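Engineer: Submitted below is the structure of interest, expressed as structure tokens.
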Amino acid sequence: MRGNILKVLWLVSCQSAAGWGQANMTSMLAPQADRFMGLGEWEERWQEGKIGFHLPQVHMMLESNIDKVLNGRTGVRFFFPLCGKAVDMKWLADMGHSVVGVEISEKAIRAFFEENNMTYSEEPVPEMPGAKVYRSSEKNISLYQSDLYNFSSSIEGQFGAIWDRGSLVAINPRDREKYAALIISLMAKDCRYLLDTLIYNPELYTGPPFFVPDEQLHSLFGKSCDIEELLSVDAMTDRQRSWGLDSLKENVYLLTTKSS
């Protein structure tokens with residue numbers, strides 16, 4: 001009898017803690033919960049050159065963690081959600097890997113190929129009405145101009161690696177569960193998903209890039225993936241100070257699919 005009472009008390013305690021944790025996460029996310037940016041706004045940013053998020057060099061978090069992502073593999077298929085014109089894609093292709101990206105801005109995709117002196121083909125994607133795919137003639141790189149959520153594993157299969165820098169932190173906060181479901185569906189059994197997130201006070205800046213707390217990361221991916229924090233660094237610069245922030249942390253995680 002006493003054992004049953006203790007078990008009930010333990011269950012109640014766990015449920016209370018879980019409830020408190022959920023309430024605490026909801027409170028943390030509240031300042032940006034209703035923030036919304038339409039696809040047209042992102043296209044306008046590219047047209048107007050408002051792309052401070054673009055880096056002219058390979059991202060140091062990818063470069064410093066590439067061995068963990070590859071894990072001894074060669075010829076890995078990489079997926080780049082919201083790829084922009086990231087030079088990381090050519091860097092990986094030059095190493096013999098293949099790259100598939102999805103990006104809404106046609107200008108960004110064309111700029112990627114032209115700035116890297118690559119010829120490319122352009123064709124419609126019958127399975128994705130209104131979408132186009134741009135393929136490099138020299139490298140194994142295919143970039144889809146489309147709403148990310150219209151992409152699926154039926155188009156290009158699953159991937160052995162994903163590099164997510166500026167994607168999870170850019171999508172509308174209300175879409176994170178939908179986004180996580182898509183990413184998980186694109187992960188092959190041996191997939192290694194490198195994810196870059198930002199931690200700051202969301203009451204000081206509306207985003208994007210958006211604040212993604214560690215608690216939500218585990219809520220979104222924890223059931224399907226093992227999550228390892230690789231690095232947490234102070235990423236504060238004058239650019240973030242101009243947003244009104246007083247601190248900024250950049251966290252890098254490696255997610256791998258749980259063995260069933």
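Just so we're on the same page: first chain in the structure tokens is A, next is B, and so on; residues restart at 1 for each chain, and ligands are numbered from 1 in the order they show up.
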Extract, using only C-alpha atoms, all DNA, RNA and protein residues at most 10 Å from Arg73 of chain A, discarding same-chain residues fewer than 3 positions from it, and format them as a list in words.

Structural biologist: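 Within the cut-off, the hits are Asp67, Val69, Leu70, Val76, His97 and Gly160 of chain A.
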
Engineer: Could you save those same residues with N, CA, C and O atoms as a compact mmCIF listing (two decimals), in the first residue's frame?

Structural biologist:
# COMPACT_ATOMS: atom_id res chain seq x y z
N ASP A 67 34.48 17.03 -39.09
CA ASP A 67 34.85 15.63 -38.84
C ASP A 67 33.77 14.89 -38.06
O ASP A 67 33.52 13.71 -38.29
N VAL A 69 30.61 15.58 -38.22
CA VAL A 69 29.48 15.40 -39.13
C VAL A 69 29.75 14.23 -40.09
O VAL A 69 28.90 13.38 -40.32
N LEU A 70 30.94 14.21 -40.65
CA LEU A 70 31.27 13.16 -41.62
C LEU A 70 31.42 11.80 -40.94
O LEU A 70 31.02 10.78 -41.51
N VAL A 76 29.10 12.04 -48.82
CA VAL A 76 27.88 12.22 -48.02
C VAL A 76 26.91 13.16 -48.73
O VAL A 76 27.30 14.15 -49.35
N HIS A 97 31.37 15.73 -51.70
CA HIS A 97 30.03 15.45 -51.19
C HIS A 97 28.99 16.04 -52.14
O HIS A 97 29.31 16.89 -52.99
N GLY A 160 22.34 12.04 -45.52
CA GLY A 160 23.30 11.57 -44.53
C GLY A 160 23.79 12.66 -43.62
O GLY A 160 24.43 12.39 -42.59

Engineer: As a list in words, please: every residue in segment 54-86 of chain A that a backbone DSSP assignment puts in helix (DSSP H, G or I).

Structural biologist: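 So, restricting segment 54-86 of chain A to helix (DSSP H, G or I), we get Met60, Met61, Leu62, Glu63, Ser64, Asn65, Ile66, Asp67, Lys68, Val69 and Leu70 of chain A.
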
Engineer: Between A:Ala30, A:Cys83, A:Leu220, A:Leu92, which is the closest to Ile184 of chain A once you count only C-alpha atoms?

Structural biologist: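 Answer, going by the shortest atom-to-atom distance: A:Leu220.
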
Engineer: Give me the residues within 10 Å of segment 46-63 of chain A as a PDB file with N, CA and C atoms, in the first residue's frame, counting only C-alpha atoms and dropping any in the same chain fewer than 6 places off.

Structural biologist:
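Okay, out27.pdb is ready:
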ATOM      1  N   GLY A  40       7.343  36.430 -49.120  1.00  0.00           N
ATOM      2  CA  GLY A  40       7.600  37.631 -49.912  1.00  0.00           C
ATOM      3  C   GLY A  40       8.561  38.586 -49.223  1.00  0.00           C
ATOM      4  N   VAL A  69      30.606  15.578 -38.217  1.00  0.00           N
ATOM      5  CA  VAL A  69      29.479  15.396 -39.130  1.00  0.00           C
ATOM      6  C   VAL A  69      29.753  14.234 -40.094  1.00  0.00           C
ATOM      7  N   CYS A  83      18.872  27.618 -47.885  1.00  0.00           N
ATOM      8  CA  CYS A  83      20.314  27.631 -48.150  1.00  0.00           C
ATOM      9  C   CYS A  83      20.887  28.979 -48.541  1.00  0.00           C
ATOM     10  N   GLY A  84      20.032  29.911 -49.051  1.00  0.00           N
ATOM     11  CA  GLY A  84      20.582  31.178 -49.518  1.00  0.00           C
ATOM     12  C   GLY A  84      21.624  30.923 -50.591  1.00  0.00           C
ATOM     13  N   LYS A  85      22.754  31.643 -50.481  1.00  0.00           N
ATOM     14  CA  LYS A  85      23.867  31.418 -51.411  1.00  0.00           C
ATOM     15  C   LYS A  85      25.121  31.012 -50.624  1.00  0.00           C
ATOM     16  N   ALA A  86      24.905  30.219 -49.573  1.00  0.00           N
ATOM     17  CA  ALA A  86      25.978  29.844 -48.656  1.00  0.00           C
ATOM     18  C   ALA A  86      27.166  29.221 -49.392  1.00  0.00           C
ATOM     19  N   VAL A  87      28.356  29.772 -49.161  1.00  0.00           N
ATOM     20  CA  VAL A  87      29.565  29.238 -49.795  1.00  0.00           C
ATOM     21  C   VAL A  87      29.916  27.862 -49.225  1.00  0.00           C
ATOM     22  N   ASP A  88      29.327  27.524 -48.083  1.00  0.00           N
ATOM     23  CA  ASP A  88      29.535  26.204 -47.479  1.00  0.00           C
ATOM     24  C   ASP A  88      29.177  25.089 -48.469  1.00  0.00           C
ATOM     25  N   MET A  89      28.205  25.346 -49.337  1.00  0.00           N
ATOM     26  CA  MET A  89      27.745  24.312 -50.271  1.00  0.00           C
ATOM     27  C   MET A  89      28.837  23.952 -51.261  1.00  0.00           C
ATOM     28  N   LYS A  90      29.510  24.951 -51.809  1.00  0.00           N
ATOM     29  CA  LYS A  90      30.608  24.679 -52.744  1.00  0.00           C
ATOM     30  C   LYS A  90      31.768  24.017 -52.008  1.00  0.00           C
ATOM     31  N   TRP A  91      32.043  24.455 -50.794  1.00  0.00           N
ATOM     32  CA  TRP A  91      33.134  23.883 -49.998  1.00  0.00           C
ATOM     33  C   TRP A  91      32.934  22.378 -49.825  1.00  0.00           C
ATOM     34  N   LEU A  92      31.715  21.983 -49.511  1.00  0.00           N
ATOM     35  CA  LEU A  92      31.415  20.556 -49.332  1.00  0.00           C
ATOM     36  C   LEU A  92      31.471  19.801 -50.666  1.00  0.00           C
ATOM     37  N   ILE A 104      13.774  30.087 -51.107  1.00  0.00           N
ATOM     38  CA  ILE A 104      12.648  30.756 -51.766  1.00  0.00           C
ATOM     39  C   ILE A 104      13.101  31.787 -52.794  1.00  0.00           C
ATOM     40  N   SER A 105      14.303  32.346 -52.607  1.00  0.00           N
ATOM     41  CA  SER A 105      14.752  33.453 -53.460  1.00  0.00           C
ATOM     42  C   SER A 105      15.492  32.968 -54.700  1.00  0.00           C
ATOM     43  N   GLU A 106      14.914  33.248 -55.854  1.00  0.00           N
ATOM     44  CA  GLU A 106      15.588  32.916 -57.107  1.00  0.00           C
ATOM     45  C   GLU A 106      16.890  33.701 -57.231  1.00  0.00           C
ATOM     46  N   LYS A 107      16.882  34.935 -56.760  1.00  0.00           N
ATOM     47  CA  LYS A 107      18.086  35.767 -56.842  1.00  0.00           C
ATOM     48  C   LYS A 107      19.235  35.136 -56.068  1.00  0.00           C
ATOM     49  N   ALA A 108      18.939  34.582 -54.887  1.00  0.00           N
ATOM     50  CA  ALA A 108      19.971  33.954 -54.067  1.00  0.00           C
ATOM     51  C   ALA A 108      20.565  32.743 -54.774  1.00  0.00           C
ATOM     52  N   TRP A 163      23.047  20.556 -42.566  1.00  0.00           N
ATOM     53  CA  TRP A 163      23.690  21.720 -41.949  1.00  0.00           C
ATOM     54  C   TRP A 163      22.637  22.824 -41.861  1.00  0.00           C
ATOM     55  N   ASP A 164      22.270  23.140 -40.624  1.00  0.00           N
ATOM     56  CA  ASP A 164      21.183  24.081 -40.341  1.00  0.00           C
ATOM     57  C   ASP A 164      21.762  25.307 -39.637  1.00  0.00           C
ATOM     58  N   ARG A 165      22.175  26.242 -40.445  1.00  0.00           N
ATOM     59  CA  ARG A 165      22.647  27.515 -39.909  1.00  0.00           C
ATOM     60  C   ARG A 165      21.755  28.612 -40.492  1.00  0.00           C
ATOM     61  N   GLY A 166      20.969  29.240 -39.641  1.00  0.00           N
ATOM     62  CA  GLY A 166      20.090  30.291 -40.133  1.00  0.00           C
ATOM     63  C   GLY A 166      18.788  29.782 -40.702  1.00  0.00           C
ATOM     64  N   LEU A 194      23.834  18.875 -38.005  1.00  0.00           N
ATOM     65  CA  LEU A 194      24.541  19.948 -37.292  1.00  0.00           C
ATOM     66  C   LEU A 194      23.640  21.174 -37.263  1.00  0.00           C
ATOM     67  N   LEU A 195      23.346  21.623 -36.059  1.00  0.00           N
ATOM     68  CA  LEU A 195      22.359  22.684 -35.857  1.00  0.00           C
ATOM     69  C   LEU A 195      22.955  23.838 -35.058  1.00  0.00           C
ATOM     70  N   ASP A 196      22.761  25.037 -35.572  1.00  0.00           N
ATOM     71  CA  ASP A 196      23.271  26.253 -34.950  1.00  0.00           C
ATOM     72  C   ASP A 196      22.089  27.089 -34.450  1.00  0.00           C
ATOM     73  N   PRO A 208      13.641  38.193 -37.034  1.00  0.00           N
ATOM     74  CA  PRO A 208      14.633  37.117 -37.008  1.00  0.00           C
ATOM     75  C   PRO A 208      16.054  37.664 -37.034  1.00  0.00           C
ATOM     76  N   PRO A 209      17.056  36.835 -36.669  1.00  0.00           N
ATOM     77  CA  PRO A 209      16.936  35.452 -36.237  1.00  0.00           C
ATOM     78  C   PRO A 209      16.255  35.355 -34.882  1.00  0.00           C
ATOM     79  N   LEU A 230      27.688  20.570 -28.782  1.00  0.00           N
ATOM     80  CA  LEU A 230      29.103  20.562 -29.117  1.00  0.00           C
ATOM     81  C   LEU A 230      29.825  21.804 -28.613  1.00  0.00           C
ATOM     82  N   LEU A 231      29.092  22.924 -28.599  1.00  0.00           N
ATOM     83  CA  LEU A 231      29.760  24.185 -28.318  1.00  0.00           C
ATOM     84  C   LEU A 231      28.738  25.241 -27.925  1.00  0.00           C
ATOM     85  N   ARG A 239      26.812  44.276 -34.460  1.00  0.00           N
ATOM     86  CA  ARG A 239      25.563  44.078 -35.200  1.00  0.00           C
ATOM     87  C   ARG A 239      24.424  43.733 -34.249  1.00  0.00           C
ATOM     88  N   GLU A 250      25.786  31.601 -29.053  1.00  0.00           N
ATOM     89  CA  GLU A 250      25.578  30.723 -30.200  1.00  0.00           C
ATOM     90  C   GLU A 250      25.836  29.302 -29.733  1.00  0.00           C
ATOM     91  N   ASN A 251      24.829  28.451 -29.882  1.00  0.00           N
ATOM     92  CA  ASN A 251      24.948  27.055 -29.469  1.00  0.00           C
ATOM     93  C   ASN A 251      24.959  26.154 -30.700  1.00  0.00           C
ATOM     94  N   VAL A 252      25.829  25.160 -30.676  1.00  0.00           N
ATOM     95  CA  VAL A 252      25.924  24.224 -31.786  1.00  0.00           C
ATOM     96  C   VAL A 252      25.669  22.810 -31.264  1.00  0.00           C
TER      97      VAL A 252
END

Engineer: Run DSSP on the backbone and grab whatever in segment 128-176 of chain A lands in strand (DSSP E); send it over as a list of chain:residue names.

Structural biologist: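 Of segment 128-176 of chain A, only A:Lys132, A:Val133, A:Tyr134, A:Arg135, A:Ser136, A:Ile141, A:Ser142, A:Leu143, A:Tyr144, A:Gln145, A:Phe159, A:Gly160, A:Ala161, A:Ile162, A:Trp163, A:Asp164, A:Arg165 fall in strand (DSSP E).
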
Engineer: Next, write the just-selected residues to a file, as a compact mmCIF listing (two decimals), in the first residue's frame, keeping all heavy atoms as the atom set.

Structural biologist:
# COMPACT_ATOMS: atom_id res chain seq x y z
N LYS A 132 11.15 25.30 -59.04
CA LYS A 132 12.19 25.02 -60.04
C LYS A 132 13.39 24.42 -59.32
O LYS A 132 13.59 24.67 -58.13
CB LYS A 132 12.65 26.32 -60.72
CG LYS A 132 11.59 27.03 -61.54
CD LYS A 132 12.18 28.31 -62.10
CE LYS A 132 11.13 29.16 -62.82
NZ LYS A 132 11.72 30.46 -63.27
N VAL A 133 14.16 23.64 -60.07
CA VAL A 133 15.41 23.12 -59.51
C VAL A 133 16.55 23.60 -60.41
O VAL A 133 16.47 23.55 -61.64
CB VAL A 133 15.41 21.58 -59.39
CG1 VAL A 133 15.22 20.90 -60.72
CG2 VAL A 133 16.70 21.10 -58.72
N TYR A 134 17.59 24.10 -59.78
CA TYR A 134 18.79 24.58 -60.46
C TYR A 134 19.91 23.60 -60.14
O TYR A 134 20.23 23.38 -58.97
CB TYR A 134 19.15 25.98 -59.98
CG TYR A 134 18.10 27.03 -60.26
CD1 TYR A 134 16.93 27.09 -59.51
CD2 TYR A 134 18.26 27.94 -61.30
CE1 TYR A 134 15.94 28.04 -59.76
CE2 TYR A 134 17.28 28.91 -61.57
CZ TYR A 134 16.13 28.94 -60.80
OH TYR A 134 15.15 29.89 -61.05
N ARG A 135 20.51 23.03 -61.19
CA ARG A 135 21.55 22.01 -60.98
C ARG A 135 22.87 22.48 -61.57
O ARG A 135 22.92 22.94 -62.72
CB ARG A 135 21.14 20.68 -61.62
CG ARG A 135 19.85 20.09 -61.08
CD ARG A 135 19.63 18.68 -61.60
NE ARG A 135 18.28 18.22 -61.37
CZ ARG A 135 17.84 17.66 -60.24
NH1 ARG A 135 18.69 17.53 -59.22
NH2 ARG A 135 16.59 17.26 -60.10
N SER A 136 23.93 22.33 -60.80
CA SER A 136 25.26 22.66 -61.27
C SER A 136 25.70 21.68 -62.35
O SER A 136 25.44 20.47 -62.25
CB SER A 136 26.25 22.63 -60.11
OG SER A 136 27.58 22.60 -60.58
N ILE A 141 25.45 19.62 -57.06
CA ILE A 141 24.68 20.58 -56.26
C ILE A 141 23.34 20.83 -56.95
O ILE A 141 23.31 21.18 -58.13
CB ILE A 141 25.43 21.93 -56.11
CG1 ILE A 141 26.78 21.72 -55.42
CG2 ILE A 141 24.57 22.93 -55.33
CD1 ILE A 141 27.63 22.99 -55.35
N SER A 142 22.25 20.64 -56.22
CA SER A 142 20.90 20.90 -56.73
C SER A 142 20.18 21.81 -55.75
O SER A 142 20.05 21.47 -54.57
CB SER A 142 20.11 19.59 -56.88
OG SER A 142 20.77 18.70 -57.76
N LEU A 143 19.72 22.95 -56.23
CA LEU A 143 19.04 23.92 -55.37
C LEU A 143 17.61 24.11 -55.86
O LEU A 143 17.37 24.45 -57.03
CB LEU A 143 19.79 25.26 -55.36
CG LEU A 143 21.28 25.18 -54.97
CD1 LEU A 143 21.88 26.59 -54.91
CD2 LEU A 143 21.49 24.45 -53.65
N TYR A 144 16.67 23.90 -54.95
CA TYR A 144 15.25 24.03 -55.27
C TYR A 144 14.73 25.39 -54.85
O TYR A 144 14.89 25.79 -53.69
CB TYR A 144 14.46 22.93 -54.55
CG TYR A 144 14.64 21.56 -55.13
CD1 TYR A 144 15.78 20.81 -54.85
CD2 TYR A 144 13.68 21.00 -55.97
CE1 TYR A 144 15.98 19.54 -55.40
CE2 TYR A 144 13.85 19.74 -56.53
CZ TYR A 144 15.00 19.01 -56.23
OH TYR A 144 15.18 17.77 -56.78
N GLN A 145 14.12 26.09 -55.79
CA GLN A 145 13.47 27.35 -55.46
C GLN A 145 12.03 27.03 -55.11
O GLN A 145 11.21 26.71 -55.97
CB GLN A 145 13.52 28.34 -56.63
CG GLN A 145 12.94 29.69 -56.25
CD GLN A 145 12.45 30.49 -57.43
OE1 GLN A 145 12.62 30.09 -58.58
NE2 GLN A 145 11.82 31.61 -57.16
N PHE A 159 18.82 12.08 -46.32
CA PHE A 159 20.18 12.62 -46.36
C PHE A 159 21.04 12.07 -45.23
O PHE A 159 20.56 11.74 -44.15
CB PHE A 159 20.12 14.15 -46.28
CG PHE A 159 19.40 14.77 -47.45
CD1 PHE A 159 18.02 14.98 -47.40
CD2 PHE A 159 20.08 15.08 -48.60
CE1 PHE A 159 17.34 15.53 -48.48
CE2 PHE A 159 19.41 15.62 -49.71
CZ PHE A 159 18.04 15.84 -49.64
N GLY A 160 22.34 12.04 -45.52
CA GLY A 160 23.30 11.57 -44.53
C GLY A 160 23.79 12.66 -43.62
O GLY A 160 24.43 12.39 -42.59
N ALA A 161 23.52 13.92 -43.98
CA ALA A 161 23.93 15.05 -43.14
C ALA A 161 23.04 16.25 -43.44
O ALA A 161 22.54 16.41 -44.57
CB ALA A 161 25.39 15.41 -43.37
N ILE A 162 22.85 17.08 -42.44
CA ILE A 162 22.10 18.34 -42.60
C ILE A 162 22.90 19.43 -41.90
O ILE A 162 23.39 19.24 -40.78
CB ILE A 162 20.69 18.24 -41.97
CG1 ILE A 162 19.87 17.14 -42.67
CG2 ILE A 162 19.96 19.58 -42.05
CD1 ILE A 162 18.53 16.84 -42.00
N TRP A 163 23.05 20.56 -42.57
CA TRP A 163 23.69 21.72 -41.95
C TRP A 163 22.64 22.82 -41.86
O TRP A 163 22.17 23.34 -42.86
CB TRP A 163 24.90 22.17 -42.75
CG TRP A 163 25.56 23.47 -42.38
CD1 TRP A 163 26.07 24.39 -43.26
CD2 TRP A 163 25.84 24.00 -41.07
NE1 TRP A 163 26.63 25.45 -42.59
CE2 TRP A 163 26.50 25.24 -41.23
CE3 TRP A 163 25.58 23.56 -39.77
CZ2 TRP A 163 26.91 26.03 -40.16
CZ3 TRP A 163 25.98 24.35 -38.69
CH2 TRP A 163 26.64 25.57 -38.89
N ASP A 164 22.27 23.14 -40.62
CA ASP A 164 21.18 24.08 -40.34
C ASP A 164 21.76 25.31 -39.64
O ASP A 164 21.85 25.39 -38.43
CB ASP A 164 20.14 23.38 -39.46
CG ASP A 164 18.89 24.22 -39.21
OD1 ASP A 164 18.99 25.46 -39.25
OD2 ASP A 164 17.84 23.62 -38.96
N ARG A 165 22.17 26.24 -40.44
CA ARG A 165 22.65 27.51 -39.91
C ARG A 165 21.76 28.61 -40.49
O ARG A 165 21.75 28.84 -41.69
CB ARG A 165 24.11 27.75 -40.30
CG ARG A 165 24.68 29.07 -39.76
CD ARG A 165 24.60 30.20 -40.76
NE ARG A 165 24.85 31.51 -40.17
CZ ARG A 165 24.86 32.63 -40.87
NH1 ARG A 165 24.63 32.62 -42.17
NH2 ARG A 165 25.06 33.79 -40.25

Engineer: Measuring between only C-alpha atoms, which one of A:Lys249, A:Lys139, A:Lys258, A:His218 shows the shortest distance to Lys189 of chain A?

Structural biologist: A:Lys258

Engineer: Go through A:Gly157, A:Gly130, A:Gly101, A:Pro213 and flag the residue nearest Ala188 of chain A, using only C-alpha atoms for the distances.

Structural biologist: A:Gly157

Engineer: Counting only C-alpha atoms, which residue out of A:Ser153, A:Asn24, A:Thr74, A:Ser146 sits closest to Ile109 of chain A?

Structural biologist: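 Of A:Ser153, A:Asn24, A:Thr74, A:Ser146, the one nearest Ile109 of chain A is A:Ser146, counting only C-alpha atoms.
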
Engineer: Which residues are close to Phe210 of chain A, i.e. within 8 Å by only C-alpha atoms, leaving aside same-chain residues fewer than 6 positions away? Reply as a PyMOL selection string.

Structural biologist: chain A and resi 32+169-170+173+198+202
